[in-house]
Amino acid sequence: MIILTPDDVKQRFGQLFSKKFLVMVDEKTGLAEILEQCHARGTIEWDAMNRSRAGGAMIACNVEGKMMTMRARFGRHAINFGAASETIGGQALEAVEVKDDEVMTTWVGIAGAGVGIAACLPQAPGVLRSEYPSEDDLKIGGARINHVRIVTPRYEKVCFGIDDTDTKQEGATWVTALKCAEACRIKGVEFLGMRLVQLNPAVPHKTTNCVCSALNFATRPGSTGPLCEFVRSFIEEHTFSNDTGIAVVRGIGTVEESPMHKTIKTEIVALEDTEREARRLGVEFLDRNGRKGRIGALGAVLWGNRGIEAAGLYGEHL
């Protein structure tokens, strides 16, 4: 076993192109979410297609520009490069393991794809160290096969839903939400992004568009509690409304099976139904109002990780 730090990898292969590598895990669902950012879009797209073809631990993948988000399952899983191993190379995530405060992801690559997992990913910001089975796995390029286990800090995923911070006279919920995210300076917390979620525009009691906001964060152990308190305090201090709702859900894949994904965008939903569904899903409300803003706050966490369709009316796609 050969163990290298990111600086060791840079010294050996030179500066390459990975800009970010972060792994969030959820032991309740047995799922991991892996974020990768590269210098260029083309490499991310090629890696995504090759990993999808090879199977292994990966179960879903999404590409937005130079960023890829992978959904993966815990454990070690068989990979199948098929004809690709003889003709166009291949790349796969073979395993995801969690031990104490660290996450280990195991990768296999062939040819140019092997360069990506053996020399590029291991030097990305966020990597603690990389473990290579043998010296042969450090010989890159050509038609070689490379294996590596990349060790990263353990993160949890946290999604906040925010709604009704504005009135017809002042404010905009997306502005307040984004200011909240950018003001956060809590150690062990990384802001991942925000989404605007279009709800049912036929709702009678709204400002104009009936849009809520979702904020996604990655948190290190012990930092989720302080983050929740920060978000609650910031939103309550900066809201213009007495109806503000703030919801939070922890984990990966915990709110994906809910009938409210459709009804929150197509029907008028009652507050009591919202609170009942939130309890069923394990969504917590942080606000102390207990008013209609909770409906949109739940809608935000339901759609906060479902892609660009969150911004459209129900059924709209690009």
# chains A, B, ... in the order shown; residues from 1 in each chain; ligands from 1

$ closest_atom_pairs --of "range 163-224 of chain A" --to "range 282-297 of chain A" --cutoff "10 Å" --atoms "only C-alpha atoms" --output "tab-separated table"
residue	atom	partner	partner_atom	distance
A:Asp163	CA	A:Ala297	CA	5.2
A:Asp164	CA	A:Gly293	CA	5.1
A:Thr165	CA	A:Gly293	CA	8.2
A:Val197	CA	A:Gly296	CA	8.8
A:Gln198	CA	A:Gly296	CA	9.4
A:Leu199	CA	A:Gly296	CA	7.4
A:Asn200	CA	A:Gly296	CA	9.7
A:His205	CA	A:Lys292	CA	9.1
A:Lys206	CA	A:Gly293	CA	9.8
A:Cys210	CA	A:Gly296	CA	8.3
A:Val211	CA	A:Gly296	CA	7.7
A:Cys212	CA	A:Gly296	CA	5.8
A:Ser213	CA	A:Ala297	CA	7.6
A:Ala214	CA	A:Ala297	CA	8.0

$ residues_around --residues "range 66-77 of chain A" --least-positions-apart "5" --cutoff "8 Å" --atoms "only C-alpha atoms" --output "PyMOL selection string"
chain A and resi 30-42+44+48+56-61+94-97

$ write_last_selection --atoms "C-alpha atoms" --output "compact mmCIF listing (two decimals), in the first residue's frame"
# COMPACT_ATOMS: atom_id res chain seq x y z
CA GLY A 30 -27.03 3.91 3.18
CA LEU A 31 -26.37 6.59 0.58
CA ALA A 32 -23.54 8.96 -0.27
CA GLU A 33 -23.45 12.08 -2.40
CA ILE A 34 -20.17 12.95 -4.09
CA LEU A 35 -19.46 16.42 -5.46
CA GLU A 36 -16.70 16.95 -7.99
CA GLN A 37 -15.68 20.12 -9.76
CA CYS A 38 -13.22 20.19 -12.62
CA HIS A 39 -11.37 22.88 -14.55
CA ALA A 40 -13.38 22.13 -17.70
CA ARG A 41 -16.85 20.84 -18.51
CA GLY A 42 -15.77 18.20 -21.01
CA ILE A 44 -16.83 16.05 -16.08
CA ALA A 48 -20.16 10.95 -15.81
CA GLY A 56 -20.50 -0.18 -9.46
CA ALA A 57 -21.56 1.81 -6.41
CA MET A 58 -23.00 4.72 -8.40
CA ILE A 59 -26.79 4.80 -8.81
CA ALA A 60 -27.39 8.28 -10.25
CA CYS A 61 -25.46 11.21 -11.65
CA GLU A 94 -16.29 0.57 -6.91
CA ALA A 95 -16.96 1.17 -3.21
CA VAL A 96 -18.05 3.66 -0.56
CA GLU A 97 -17.07 3.03 3.07

$ select_by_dssp --residues "range 154-215 of chain A" --states "helix (DSSP H, G or I)" --output "list in words"
Thr173, Trp174, Val175, Thr176, Ala177, Leu178, Lys179, Cys180, Ala181, Glu182 and Ala183 of chain A

$ closest_residue --among "A:Ile145, A:Cys184, A:Met260, A:Val269" --to "Arg232 in chain A" --atoms "only C-alpha atoms"
A:Cys184

$ residues_around --residues "Met24 in chain A" --least-positions-apart "2" --cutoff "9 Å" --atoms "only C-alpha atoms" --output "list in words"
Leu22, Asp26, Leu31, Ala32, Glu33, Ile34, Leu35, Val103, Pro153, Arg154, Tyr155, Glu156, Lys157, Ala218, Thr219, Gly251 and Ile252 of chain A

$ write_last_selection --atoms "N, CA and C atoms" --output "CSV table (one decimal), in the first residue's frame"
chain,number,residue,atom,x,y,z
A,22,LEU,N,-15.8,16.4,-2.5
A,22,LEU,CA,-16.5,16.4,-1.2
A,22,LEU,C,-17.5,15.3,-1.2
A,26,ASP,N,-25.0,9.4,4.5
A,26,ASP,CA,-26.2,9.3,5.3
A,26,ASP,C,-26.4,7.8,5.7
A,31,LEU,N,-26.7,5.9,1.8
A,31,LEU,CA,-26.4,6.6,0.6
A,31,LEU,C,-25.3,7.6,0.8
A,32,ALA,N,-24.6,7.9,-0.3
A,32,ALA,CA,-23.5,9.0,-0.3
A,32,ALA,C,-23.8,9.9,-1.4
A,33,GLU,N,-23.4,11.1,-1.3
A,33,GLU,CA,-23.4,12.1,-2.4
A,33,GLU,C,-22.1,12.7,-2.6
A,34,ILE,N,-21.5,12.6,-3.8
A,34,ILE,CA,-20.2,12.9,-4.1
A,34,ILE,C,-20.2,14.1,-5.0
A,35,LEU,N,-19.5,15.2,-4.6
A,35,LEU,CA,-19.5,16.4,-5.5
A,35,LEU,C,-18.1,16.5,-6.0
A,103,VAL,N,-14.4,9.1,5.1
A,103,VAL,CA,-15.1,8.4,4.1
A,103,VAL,C,-14.1,7.9,3.0
A,153,PRO,N,-12.8,13.8,4.4
A,153,PRO,CA,-13.6,14.0,5.7
A,153,PRO,C,-15.1,13.7,5.5
A,154,ARG,N,-15.6,13.3,6.6
A,154,ARG,CA,-17.1,12.9,6.6
A,154,ARG,C,-17.9,14.2,6.7
A,155,TYR,N,-18.9,14.3,5.8
A,155,TYR,CA,-19.9,15.4,5.8
A,155,TYR,C,-21.3,14.8,5.8
A,156,GLU,N,-22.2,15.6,6.3
A,156,GLU,CA,-23.6,15.4,6.3
A,156,GLU,C,-24.3,16.4,5.4
A,157,LYS,N,-25.4,16.0,4.7
A,157,LYS,CA,-26.1,17.0,3.9
A,157,LYS,C,-27.3,17.6,4.7
A,218,ALA,N,-23.2,21.3,3.3
A,218,ALA,CA,-22.5,20.2,3.7
A,218,ALA,C,-21.9,20.5,5.1
A,219,THR,N,-22.1,19.6,6.1
A,219,THR,CA,-21.7,19.9,7.4
A,219,THR,C,-20.8,18.8,8.0
A,251,GLY,N,-29.8,14.7,5.7
A,251,GLY,CA,-29.6,13.4,5.1
A,251,GLY,C,-29.7,13.5,3.6
A,252,ILE,N,-29.7,12.3,3.0
A,252,ILE,CA,-29.7,12.1,1.5
A,252,ILE,C,-30.8,11.2,1.2

$ residues_around --residues "Ile268 in chain A" --least-positions-apart "4" --cutoff "8 Å" --atoms "only C-alpha atoms" --output "PyMOL selection string"
chain A and resi 200+202-203+263-264

$ write_last_selection --atoms "C-alpha atoms" --output "compact mmCIF listing (two decimals), in the first residue's frame"
# COMPACT_ATOMS: atom_id res chain seq x y z
CA ASN A 200 -48.68 26.79 -7.21
CA ALA A 202 -52.96 29.97 -8.10
CA VAL A 203 -52.55 30.18 -4.32
CA THR A 263 -49.59 18.74 -4.81
CA ILE A 264 -47.35 21.53 -3.49

$ select_by_dssp --residues "range 42-191 of chain A" --states "strand (DSSP E)" --output "number ranges by chain"
A: 58-64, 67-73, 75-76, 90-99, 102-110, 129-132, 145-153, 156-163, 189-191

$ closest_residue --among "A:Asn242, A:Ala183, A:Glu229, A:Arg195" --to "Ile308 in chain A" --atoms "only C-alpha atoms"
A:Arg195
